[in-house]
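*Asks:* First, the structure itself, so that you have it in front of you.
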Amino acid sequence: RRGRGRRAAEPSSQSKTEKDDDAVTRLKCVILPGFLRGFESYEELRENVEKVMEESKETVKKKKGSGNVGGVAIEVSVAKVTKDMWIPVTFRGESLRNILDAIEDEVCGTDDVRNERTKVVLIGHSAGGWIARLFLGGKAIKYDGKRYDCIERANVVALVTLGTPHNSAEAYPFGRVKEQRTREKSNDDEETSLQETRRLYPNCFHADSGMKYVTVQGTGFKGRPFKLDDFFLSFTSNPSSSSQSNNWKTLFEEIKHGISYKTDCLDPSSDGDSVTCVSSGLGLGPEAIEVRIEGVKHEKDDIHPWYGSLDVVRTWMNPVLEML
């Protein structure tokens, strides 16, 4: 505010520029990569979010009123999280500090003052969704020695999570490395970062302040537990080689899904997006806007659409655009 006072005394051309700049509504979407993924893996998602935002640009301007809005500036980016940042987290039990710092650089930059005219939407894929909840913060508690307070520094209006295992049991088949980090106000040295997130910032923690939560979950990929009898049955029930090949492939896929689901929600027979169970991906309570999309897979492949496919982005962006 003091800065605006100083500019008022400057030449009228600069005052006009500032006035025009103030009239611009900025919509900033930041994508948060998932587990063992780097920012370069999300170019398709970034491009399609930007495309959908541009398609809806006029709608956003009309909602604001032609007398109040001089324009709508759209920015879609991916937090510069690299694959290498996940290695020490996974194998040495280091904290998420490097990943959180990369997200902070992308969302807040060097700004310490909250800009109400810039509306920020966080889009977290997979683990990026629950890490966003930790990053938003909201309590005077440090994570591994640093306080993250994005909710105070940026005007975050919505968090969208794509196939995020919010309620994961973290029952990894080969166990997990104990996290080596400092903890505050917790006597449990075994508490994981996800468990700490659920304890400090449960469900739609910032809903009371007007922030919206959208949980998006793909469905239609059933899992099954591993049983040797199933392999023998699939081999003997169809004599033709083509049928046997299809049966084995289907069986293998369902067992692979089941291993992920057992890790996530302890039920290998669950339904989900091939990695995250429905119950976990939609696990933020009744205040969240839930979007289920049949046939959408967790990761991109050559057969099925995933969360970053254009038509899928159009589907889950609808509730986001309605709130802008």
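Here's how to read the names in the structure tokens: chain A, B, ... by the order shown, residue numbers from 1 in each chain, ligand numbers from 1 in the order shown.
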Write down as a list in words the residues belonging to region 147-234 of chain A that are assigned helix (DSSP H, G or I) by DSSP computed on the backbone.
*Replies:*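 For region 147-234 of chain A, the helix (DSSP H, G or I) set is Cys150, Ile151, Glu152, Arg153, Ser193, Leu194, Gln195, Glu196, Thr197, Arg198, Arg199, Leu200, Ala207, Asp208, Ser209, Leu228, Asp229, Asp230, Phe231, Phe232, Leu233 and Ser234 of chain A.
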*Asks:* Residues of region 256-322 of chain A that approach region 215-222 of chain A to 10 Å or less, counting only C-alpha atoms: could you list each one with the shortest pair of atoms and its distance in Å to one decimal, rows by chain and increasing residue number, as a tab-separated table?
*Replies:*
```
residue	atom	partner	partner_atom	distance
A:Lys256	CA	A:Lys222	CA	9.9
A:His257	CA	A:Lys222	CA	7.0
A:Gly258	CA	A:Lys222	CA	7.6
A:Tyr261	CA	A:Lys222	CA	9.3
A:Pro268	CA	A:Lys222	CA	8.6
A:Ser269	CA	A:Lys222	CA	6.5
A:Ser270	CA	A:Lys222	CA	6.0
A:Asp271	CA	A:Lys222	CA	4.5
A:Gly272	CA	A:Thr219	CA	4.4
A:Asp273	CA	A:Gly218	CA	4.5
A:Ser274	CA	A:Phe221	CA	5.4
A:Val275	CA	A:Phe221	CA	8.9
A:Thr276	CA	A:Gln217	CA	8.1
A:Cys277	CA	A:Thr219	CA	8.4
A:Val278	CA	A:Gln217	CA	6.4
A:Ser279	CA	A:Gln217	CA	9.3
A:Ser280	CA	A:Gln217	CA	9.1
A:Gly281	CA	A:Gln217	CA	5.7
A:Leu282	CA	A:Thr215	CA	5.7
A:Gly283	CA	A:Thr215	CA	8.1
A:Leu284	CA	A:Thr215	CA	7.6
A:Gly285	CA	A:Thr215	CA	9.9
A:Ala288	CA	A:Thr215	CA	6.6
A:Ile289	CA	A:Thr215	CA	6.2
A:Glu290	CA	A:Thr215	CA	5.0
A:Val291	CA	A:Val216	CA	4.7
A:Arg292	CA	A:Gln217	CA	5.0
A:Ile293	CA	A:Gly218	CA	4.9
A:Glu294	CA	A:Thr219	CA	4.7
A:Gly295	CA	A:Gly220	CA	5.2
A:Val296	CA	A:Gly218	CA	4.6
A:Lys297	CA	A:Gly218	CA	6.0
A:His298	CA	A:Gly218	CA	7.1
A:Pro305	CA	A:Gly218	CA	9.7
A:Trp306	CA	A:Gly218	CA	8.1
A:Tyr307	CA	A:Gly218	CA	7.9
A:Val312	CA	A:Gly218	CA	9.8
A:Thr315	CA	A:Val216	CA	9.7
A:Trp316	CA	A:Val216	CA	6.8
A:Met317	CA	A:Val216	CA	9.8
```
*Asks:* Please provide the set of residues having any atom within 8 Å of region 113-126 of chain A, restricted to only C-alpha atoms, with same-chain residues fewer than 3 positions apart removed, written as a PDB file with N, CA and C atoms, in the first residue's frame.
*Replies:*
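Contents of the output file out.pdb:
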```pdb
ATOM      1  N   ASP A  22      -3.464  -3.490 -12.163  1.00  0.00           N
ATOM      2  CA  ASP A  22      -4.299  -3.867 -11.028  1.00  0.00           C
ATOM      3  C   ASP A  22      -5.620  -4.467 -11.480  1.00  0.00           C
ATOM      4  N   VAL A  24      -6.104  -6.520 -13.832  1.00  0.00           N
ATOM      5  CA  VAL A  24      -5.945  -7.864 -14.370  1.00  0.00           C
ATOM      6  C   VAL A  24      -6.134  -8.906 -13.271  1.00  0.00           C
ATOM      7  N   THR A  25      -7.001  -9.859 -13.528  1.00  0.00           N
ATOM      8  CA  THR A  25      -7.163 -10.993 -12.626  1.00  0.00           C
ATOM      9  C   THR A  25      -6.186 -12.080 -13.061  1.00  0.00           C
ATOM     10  N   ARG A  26      -5.376 -12.545 -12.146  1.00  0.00           N
ATOM     11  CA  ARG A  26      -4.384 -13.569 -12.471  1.00  0.00           C
ATOM     12  C   ARG A  26      -4.849 -14.921 -11.932  1.00  0.00           C
ATOM     13  N   LEU A  27      -4.879 -15.904 -12.807  1.00  0.00           N
ATOM     14  CA  LEU A  27      -5.213 -17.259 -12.438  1.00  0.00           C
ATOM     15  C   LEU A  27      -3.959 -18.106 -12.597  1.00  0.00           C
ATOM     16  N   LYS A  28      -3.459 -18.584 -11.494  1.00  0.00           N
ATOM     17  CA  LYS A  28      -2.180 -19.298 -11.495  1.00  0.00           C
ATOM     18  C   LYS A  28      -2.394 -20.741 -11.038  1.00  0.00           C
ATOM     19  N   CYS A  29      -2.138 -21.672 -11.935  1.00  0.00           N
ATOM     20  CA  CYS A  29      -2.248 -23.095 -11.606  1.00  0.00           C
ATOM     21  C   CYS A  29      -0.843 -23.682 -11.504  1.00  0.00           C
ATOM     22  N   VAL A  30      -0.583 -24.367 -10.397  1.00  0.00           N
ATOM     23  CA  VAL A  30       0.720 -25.005 -10.204  1.00  0.00           C
ATOM     24  C   VAL A  30       0.512 -26.500 -10.000  1.00  0.00           C
ATOM     25  N   ILE A  31       1.171 -27.294 -10.838  1.00  0.00           N
ATOM     26  CA  ILE A  31       1.067 -28.752 -10.784  1.00  0.00           C
ATOM     27  C   ILE A  31       2.179 -29.305  -9.904  1.00  0.00           C
ATOM     28  N   LEU A  32       1.810 -30.208  -9.004  1.00  0.00           N
ATOM     29  CA  LEU A  32       2.765 -30.828  -8.085  1.00  0.00           C
ATOM     30  C   LEU A  32       2.968 -32.282  -8.481  1.00  0.00           C
ATOM     31  N   PRO A  33       4.187 -32.665  -8.876  1.00  0.00           N
ATOM     32  CA  PRO A  33       4.446 -34.032  -9.346  1.00  0.00           C
ATOM     33  C   PRO A  33       4.227 -35.088  -8.264  1.00  0.00           C
ATOM     34  N   GLY A  34       3.950 -36.304  -8.725  1.00  0.00           N
ATOM     35  CA  GLY A  34       3.734 -37.427  -7.825  1.00  0.00           C
ATOM     36  C   GLY A  34       5.020 -38.169  -7.519  1.00  0.00           C
ATOM     37  N   PHE A  35       4.883 -39.236  -6.752  1.00  0.00           N
ATOM     38  CA  PHE A  35       6.007 -40.028  -6.256  1.00  0.00           C
ATOM     39  C   PHE A  35       6.889 -40.539  -7.397  1.00  0.00           C
ATOM     40  N   VAL A 107       5.291 -21.578  -6.278  1.00  0.00           N
ATOM     41  CA  VAL A 107       4.025 -20.977  -5.865  1.00  0.00           C
ATOM     42  C   VAL A 107       4.203 -19.559  -5.342  1.00  0.00           C
ATOM     43  N   GLY A 129      -0.623 -34.605  -4.125  1.00  0.00           N
ATOM     44  CA  GLY A 129      -1.845 -34.084  -3.532  1.00  0.00           C
ATOM     45  C   GLY A 129      -1.781 -33.943  -2.025  1.00  0.00           C
ATOM     46  N   TRP A 130      -1.282 -34.991  -1.351  1.00  0.00           N
ATOM     47  CA  TRP A 130      -1.205 -34.870   0.118  1.00  0.00           C
ATOM     48  C   TRP A 130      -0.003 -34.017   0.537  1.00  0.00           C
ATOM     49  N   ILE A 131       1.048 -33.986  -0.280  1.00  0.00           N
ATOM     50  CA  ILE A 131       2.173 -33.102   0.018  1.00  0.00           C
ATOM     51  C   ILE A 131       1.713 -31.642  -0.054  1.00  0.00           C
ATOM     52  N   ALA A 132       0.766 -31.351  -0.947  1.00  0.00           N
ATOM     53  CA  ALA A 132       0.211 -30.000  -1.031  1.00  0.00           C
ATOM     54  C   ALA A 132      -0.466 -29.607   0.280  1.00  0.00           C
ATOM     55  N   GLU A 152      -0.769 -18.587   3.964  1.00  0.00           N
ATOM     56  CA  GLU A 152      -0.667 -17.198   4.392  1.00  0.00           C
ATOM     57  C   GLU A 152      -0.004 -16.315   3.335  1.00  0.00           C
ATOM     58  N   ARG A 153       0.855 -16.893   2.511  1.00  0.00           N
ATOM     59  CA  ARG A 153       1.624 -16.117   1.545  1.00  0.00           C
ATOM     60  C   ARG A 153       1.003 -16.072   0.152  1.00  0.00           C
ATOM     61  N   ALA A 154       0.103 -16.989  -0.141  1.00  0.00           N
ATOM     62  CA  ALA A 154      -0.512 -17.029  -1.473  1.00  0.00           C
ATOM     63  C   ALA A 154      -2.022 -17.183  -1.340  1.00  0.00           C
ATOM     64  N   ASN A 155      -2.747 -16.595  -2.270  1.00  0.00           N
ATOM     65  CA  ASN A 155      -4.204 -16.659  -2.262  1.00  0.00           C
ATOM     66  C   ASN A 155      -4.649 -17.966  -2.929  1.00  0.00           C
ATOM     67  N   VAL A 156      -4.460 -19.068  -2.218  1.00  0.00           N
ATOM     68  CA  VAL A 156      -4.816 -20.385  -2.754  1.00  0.00           C
ATOM     69  C   VAL A 156      -6.321 -20.568  -2.601  1.00  0.00           C
ATOM     70  N   VAL A 157      -7.003 -20.667  -3.731  1.00  0.00           N
ATOM     71  CA  VAL A 157      -8.467 -20.792  -3.698  1.00  0.00           C
ATOM     72  C   VAL A 157      -8.932 -22.235  -3.822  1.00  0.00           C
ATOM     73  N   ALA A 158      -8.047 -23.116  -4.309  1.00  0.00           N
ATOM     74  CA  ALA A 158      -8.472 -24.502  -4.486  1.00  0.00           C
ATOM     75  C   ALA A 158      -7.273 -25.446  -4.514  1.00  0.00           C
ATOM     76  N   LEU A 159      -7.506 -26.641  -4.019  1.00  0.00           N
ATOM     77  CA  LEU A 159      -6.556 -27.738  -4.149  1.00  0.00           C
ATOM     78  C   LEU A 159      -7.273 -28.869  -4.879  1.00  0.00           C
ATOM     79  N   VAL A 160      -6.691 -29.296  -6.003  1.00  0.00           N
ATOM     80  CA  VAL A 160      -7.217 -30.425  -6.772  1.00  0.00           C
ATOM     81  C   VAL A 160      -6.253 -31.584  -6.612  1.00  0.00           C
ATOM     82  N   THR A 161      -6.753 -32.738  -6.204  1.00  0.00           N
ATOM     83  CA  THR A 161      -5.880 -33.903  -6.074  1.00  0.00           C
ATOM     84  C   THR A 161      -6.309 -34.962  -7.085  1.00  0.00           C
ATOM     85  N   LEU A 162      -5.347 -35.519  -7.770  1.00  0.00           N
ATOM     86  CA  LEU A 162      -5.584 -36.494  -8.840  1.00  0.00           C
ATOM     87  C   LEU A 162      -5.043 -37.856  -8.418  1.00  0.00           C
ATOM     88  N   GLY A 163      -5.935 -38.761  -8.038  1.00  0.00           N
ATOM     89  CA  GLY A 163      -5.496 -40.098  -7.638  1.00  0.00           C
ATOM     90  C   GLY A 163      -4.567 -40.073  -6.444  1.00  0.00           C
ATOM     91  N   THR A 164      -4.840 -39.203  -5.489  1.00  0.00           N
ATOM     92  CA  THR A 164      -3.970 -39.063  -4.317  1.00  0.00           C
ATOM     93  C   THR A 164      -4.369 -40.043  -3.216  1.00  0.00           C
ATOM     94  N   PRO A 165      -3.427 -40.826  -2.707  1.00  0.00           N
ATOM     95  CA  PRO A 165      -3.738 -41.775  -1.617  1.00  0.00           C
ATOM     96  C   PRO A 165      -3.783 -41.066  -0.265  1.00  0.00           C
ATOM     97  N   HIS A 298      -4.107 -44.165 -13.468  1.00  0.00           N
ATOM     98  CA  HIS A 298      -3.230 -43.344 -12.638  1.00  0.00           C
ATOM     99  C   HIS A 298      -2.106 -42.715 -13.451  1.00  0.00           C
TER     100      HIS A 298
END
```
*Asks:* Between A:Arg37, A:Arg92, A:Lys57, A:Arg183, which residue has the minimum interatomic distance to Ala127 (chain A), considering only C-alpha atoms?
*Replies:*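 Looking at the shortest contact to Ala127 (chain A), the residue is A:Arg37.
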*Asks:* Just list the residues in region 71-285 of chain A DSSP gives strand (DSSP E or B) on the backbone, as JSON, numbers by chain.
*Replies:* {"A": [71, 72, 73, 74, 75, 76, 77, 78, 118, 119, 120, 121, 122, 123, 124, 125, 143, 146, 156, 157, 158, 159, 160, 161, 162, 212, 213, 214, 215, 216, 217, 218, 219, 272, 277]}
*Asks:* What lies within 9 Å of Leu310 (chain A) using only C-alpha atoms, ignoring chain neighbours under 6 positions off, as a ChimeraX atom specification?
*Replies:* /A:44-45,47-49,51-52
*Asks:* Keeping only all heavy atoms, write the selected residues to a file as a PDB file, in the first residue's frame.
*Replies:*
```pdb
ATOM      1  N   GLU A  44       2.266 -32.735 -20.748  1.00  0.00           N
ATOM      2  CA  GLU A  44       0.937 -32.940 -21.339  1.00  0.00           C
ATOM      3  C   GLU A  44      -0.146 -32.393 -20.415  1.00  0.00           C
ATOM      4  O   GLU A  44      -1.068 -31.688 -20.874  1.00  0.00           O
ATOM      5  CB  GLU A  44       0.673 -34.425 -21.599  1.00  0.00           C
ATOM      6  CG  GLU A  44      -0.711 -34.675 -22.188  1.00  0.00           C
ATOM      7  CD  GLU A  44      -1.078 -36.151 -22.255  1.00  0.00           C
ATOM      8  OE1 GLU A  44      -0.393 -36.981 -21.619  1.00  0.00           O
ATOM      9  OE2 GLU A  44      -2.077 -36.469 -22.930  1.00  0.00           O
ATOM     10  N   LEU A  45      -0.051 -32.684 -19.136  1.00  0.00           N
ATOM     11  CA  LEU A  45      -1.025 -32.179 -18.172  1.00  0.00           C
ATOM     12  C   LEU A  45      -0.996 -30.653 -18.134  1.00  0.00           C
ATOM     13  O   LEU A  45      -2.047 -29.997 -18.132  1.00  0.00           O
ATOM     14  CB  LEU A  45      -0.744 -32.759 -16.787  1.00  0.00           C
ATOM     15  CG  LEU A  45      -1.611 -32.244 -15.627  1.00  0.00           C
ATOM     16  CD1 LEU A  45      -3.086 -32.482 -15.905  1.00  0.00           C
ATOM     17  CD2 LEU A  45      -1.194 -32.911 -14.308  1.00  0.00           C
ATOM     18  N   GLU A  47      -0.037 -28.540 -20.501  1.00  0.00           N
ATOM     19  CA  GLU A  47      -0.585 -27.988 -21.736  1.00  0.00           C
ATOM     20  C   GLU A  47      -2.113 -28.088 -21.765  1.00  0.00           C
ATOM     21  O   GLU A  47      -2.797 -27.154 -22.202  1.00  0.00           O
ATOM     22  CB  GLU A  47       0.000 -28.732 -22.940  1.00  0.00           C
ATOM     23  CG  GLU A  47       1.463 -28.413 -23.209  1.00  0.00           C
ATOM     24  CD  GLU A  47       2.011 -29.167 -24.404  1.00  0.00           C
ATOM     25  OE1 GLU A  47       1.287 -30.064 -24.930  1.00  0.00           O
ATOM     26  OE2 GLU A  47       3.146 -28.887 -24.830  1.00  0.00           O
ATOM     27  N   ASN A  48      -2.644 -29.201 -21.282  1.00  0.00           N
ATOM     28  CA  ASN A  48      -4.091 -29.385 -21.340  1.00  0.00           C
ATOM     29  C   ASN A  48      -4.819 -28.547 -20.303  1.00  0.00           C
ATOM     30  O   ASN A  48      -5.938 -28.070 -20.561  1.00  0.00           O
ATOM     31  CB  ASN A  48      -4.426 -30.869 -21.178  1.00  0.00           C
ATOM     32  CG  ASN A  48      -4.095 -31.668 -22.424  1.00  0.00           C
ATOM     33  OD1 ASN A  48      -3.996 -31.117 -23.520  1.00  0.00           O
ATOM     34  ND2 ASN A  48      -3.898 -32.967 -22.273  1.00  0.00           N
ATOM     35  N   VAL A  49      -4.228 -28.347 -19.141  1.00  0.00           N
ATOM     36  CA  VAL A  49      -4.827 -27.445 -18.157  1.00  0.00           C
ATOM     37  C   VAL A  49      -4.845 -26.022 -18.729  1.00  0.00           C
ATOM     38  O   VAL A  49      -5.850 -25.305 -18.624  1.00  0.00           O
ATOM     39  CB  VAL A  49      -4.062 -27.474 -16.820  1.00  0.00           C
ATOM     40  CG1 VAL A  49      -4.519 -26.341 -15.896  1.00  0.00           C
ATOM     41  CG2 VAL A  49      -4.264 -28.813 -16.117  1.00  0.00           C
ATOM     42  N   LYS A  51      -4.881 -25.184 -21.858  1.00  0.00           N
ATOM     43  CA  LYS A  51      -5.853 -25.140 -22.951  1.00  0.00           C
ATOM     44  C   LYS A  51      -7.274 -24.965 -22.408  1.00  0.00           C
ATOM     45  O   LYS A  51      -8.054 -24.141 -22.905  1.00  0.00           O
ATOM     46  CB  LYS A  51      -5.764 -26.421 -23.779  1.00  0.00           C
ATOM     47  CG  LYS A  51      -6.700 -26.461 -24.977  1.00  0.00           C
ATOM     48  CD  LYS A  51      -6.512 -27.735 -25.771  1.00  0.00           C
ATOM     49  CE  LYS A  51      -7.442 -27.782 -26.967  1.00  0.00           C
ATOM     50  NZ  LYS A  51      -7.146 -26.725 -27.947  1.00  0.00           N
ATOM     51  N   VAL A  52      -7.621 -25.741 -21.378  1.00  0.00           N
ATOM     52  CA  VAL A  52      -8.964 -25.658 -20.794  1.00  0.00           C
ATOM     53  C   VAL A  52      -9.181 -24.303 -20.131  1.00  0.00           C
ATOM     54  O   VAL A  52     -10.265 -23.717 -20.228  1.00  0.00           O
ATOM     55  CB  VAL A  52      -9.179 -26.804 -19.781  1.00  0.00           C
ATOM     56  CG1 VAL A  52     -10.503 -26.637 -19.036  1.00  0.00           C
ATOM     57  CG2 VAL A  52      -9.144 -28.148 -20.492  1.00  0.00           C
TER      58      VAL A  52
END
```
*Asks:* Which one of A:Ile103, A:Val89, A:Leu134, A:Val72 sits closest to Glu179 (chain A) if you count only C-alpha atoms?
*Replies:* A:Val89
*Asks:* Find the distance between CA of Pro202 (chain A) and CA of Ala169 (chain A) and write it in Å to one decimal.
*Replies:*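 Computing the Euclidean distance for CA of Pro202 (chain A) and CA of Ala169 (chain A) yields 15.3 Å.
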*Asks:* If we count only C-alpha atoms, what is near Arg97 (chain A) at a cut-off of 8 Å, once residues fewer than 3 positions away on the same chain are taken out, given as a list of chain:residue names?
*Replies:*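 So, after excluding close chain neighbours, the residues are A:Leu100, A:Asp101, A:Tyr143, A:Asp144.
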*Asks:* Please save N, CA, C and O atoms of the selected residues as an mmCIF file, in the first residue's frame.
*Replies:*
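Writing done, so here's out_33.cif:
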```cif
data_model
loop_
_atom_site.group_PDB
_atom_site.id
_atom_site.type_symbol
_atom_site.label_atom_id
_atom_site.label_comp_id
_atom_site.auth_asym_id
_atom_site.auth_seq_id
_atom_site.Cartn_x
_atom_site.Cartn_y
_atom_site.Cartn_z
ATOM 1 N N LEU A 100 9.376 -29.790 -0.968
ATOM 2 C CA LEU A 100 8.550 -28.678 -0.488
ATOM 3 C C LEU A 100 9.153 -27.336 -0.880
ATOM 4 O O LEU A 100 8.425 -26.391 -1.240
ATOM 5 N N ASP A 101 10.476 -27.233 -0.834
ATOM 6 C CA ASP A 101 11.135 -25.974 -1.220
ATOM 7 C C ASP A 101 10.944 -25.687 -2.710
ATOM 8 O O ASP A 101 10.770 -24.523 -3.109
ATOM 9 N N TYR A 143 8.164 -28.221 9.898
ATOM 10 C CA TYR A 143 8.383 -29.549 9.338
ATOM 11 C C TYR A 143 9.873 -29.710 9.093
ATOM 12 O O TYR A 143 10.447 -28.981 8.276
ATOM 13 N N ASP A 144 10.494 -30.602 9.810
ATOM 14 C CA ASP A 144 11.943 -30.816 9.708
ATOM 15 C C ASP A 144 12.716 -29.498 9.819
ATOM 16 O O ASP A 144 13.633 -29.216 9.062
#
```
*Asks:* May I ask which of the residues A:Leu324, A:Ile303, A:Leu266, A:Val76 is the closest one to Lys212 (chain A), counting only C-alpha atoms?
*Replies:*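 Once distances to Lys212 (chain A) are computed over only C-alpha atoms, the minimum belongs to A:Leu324.
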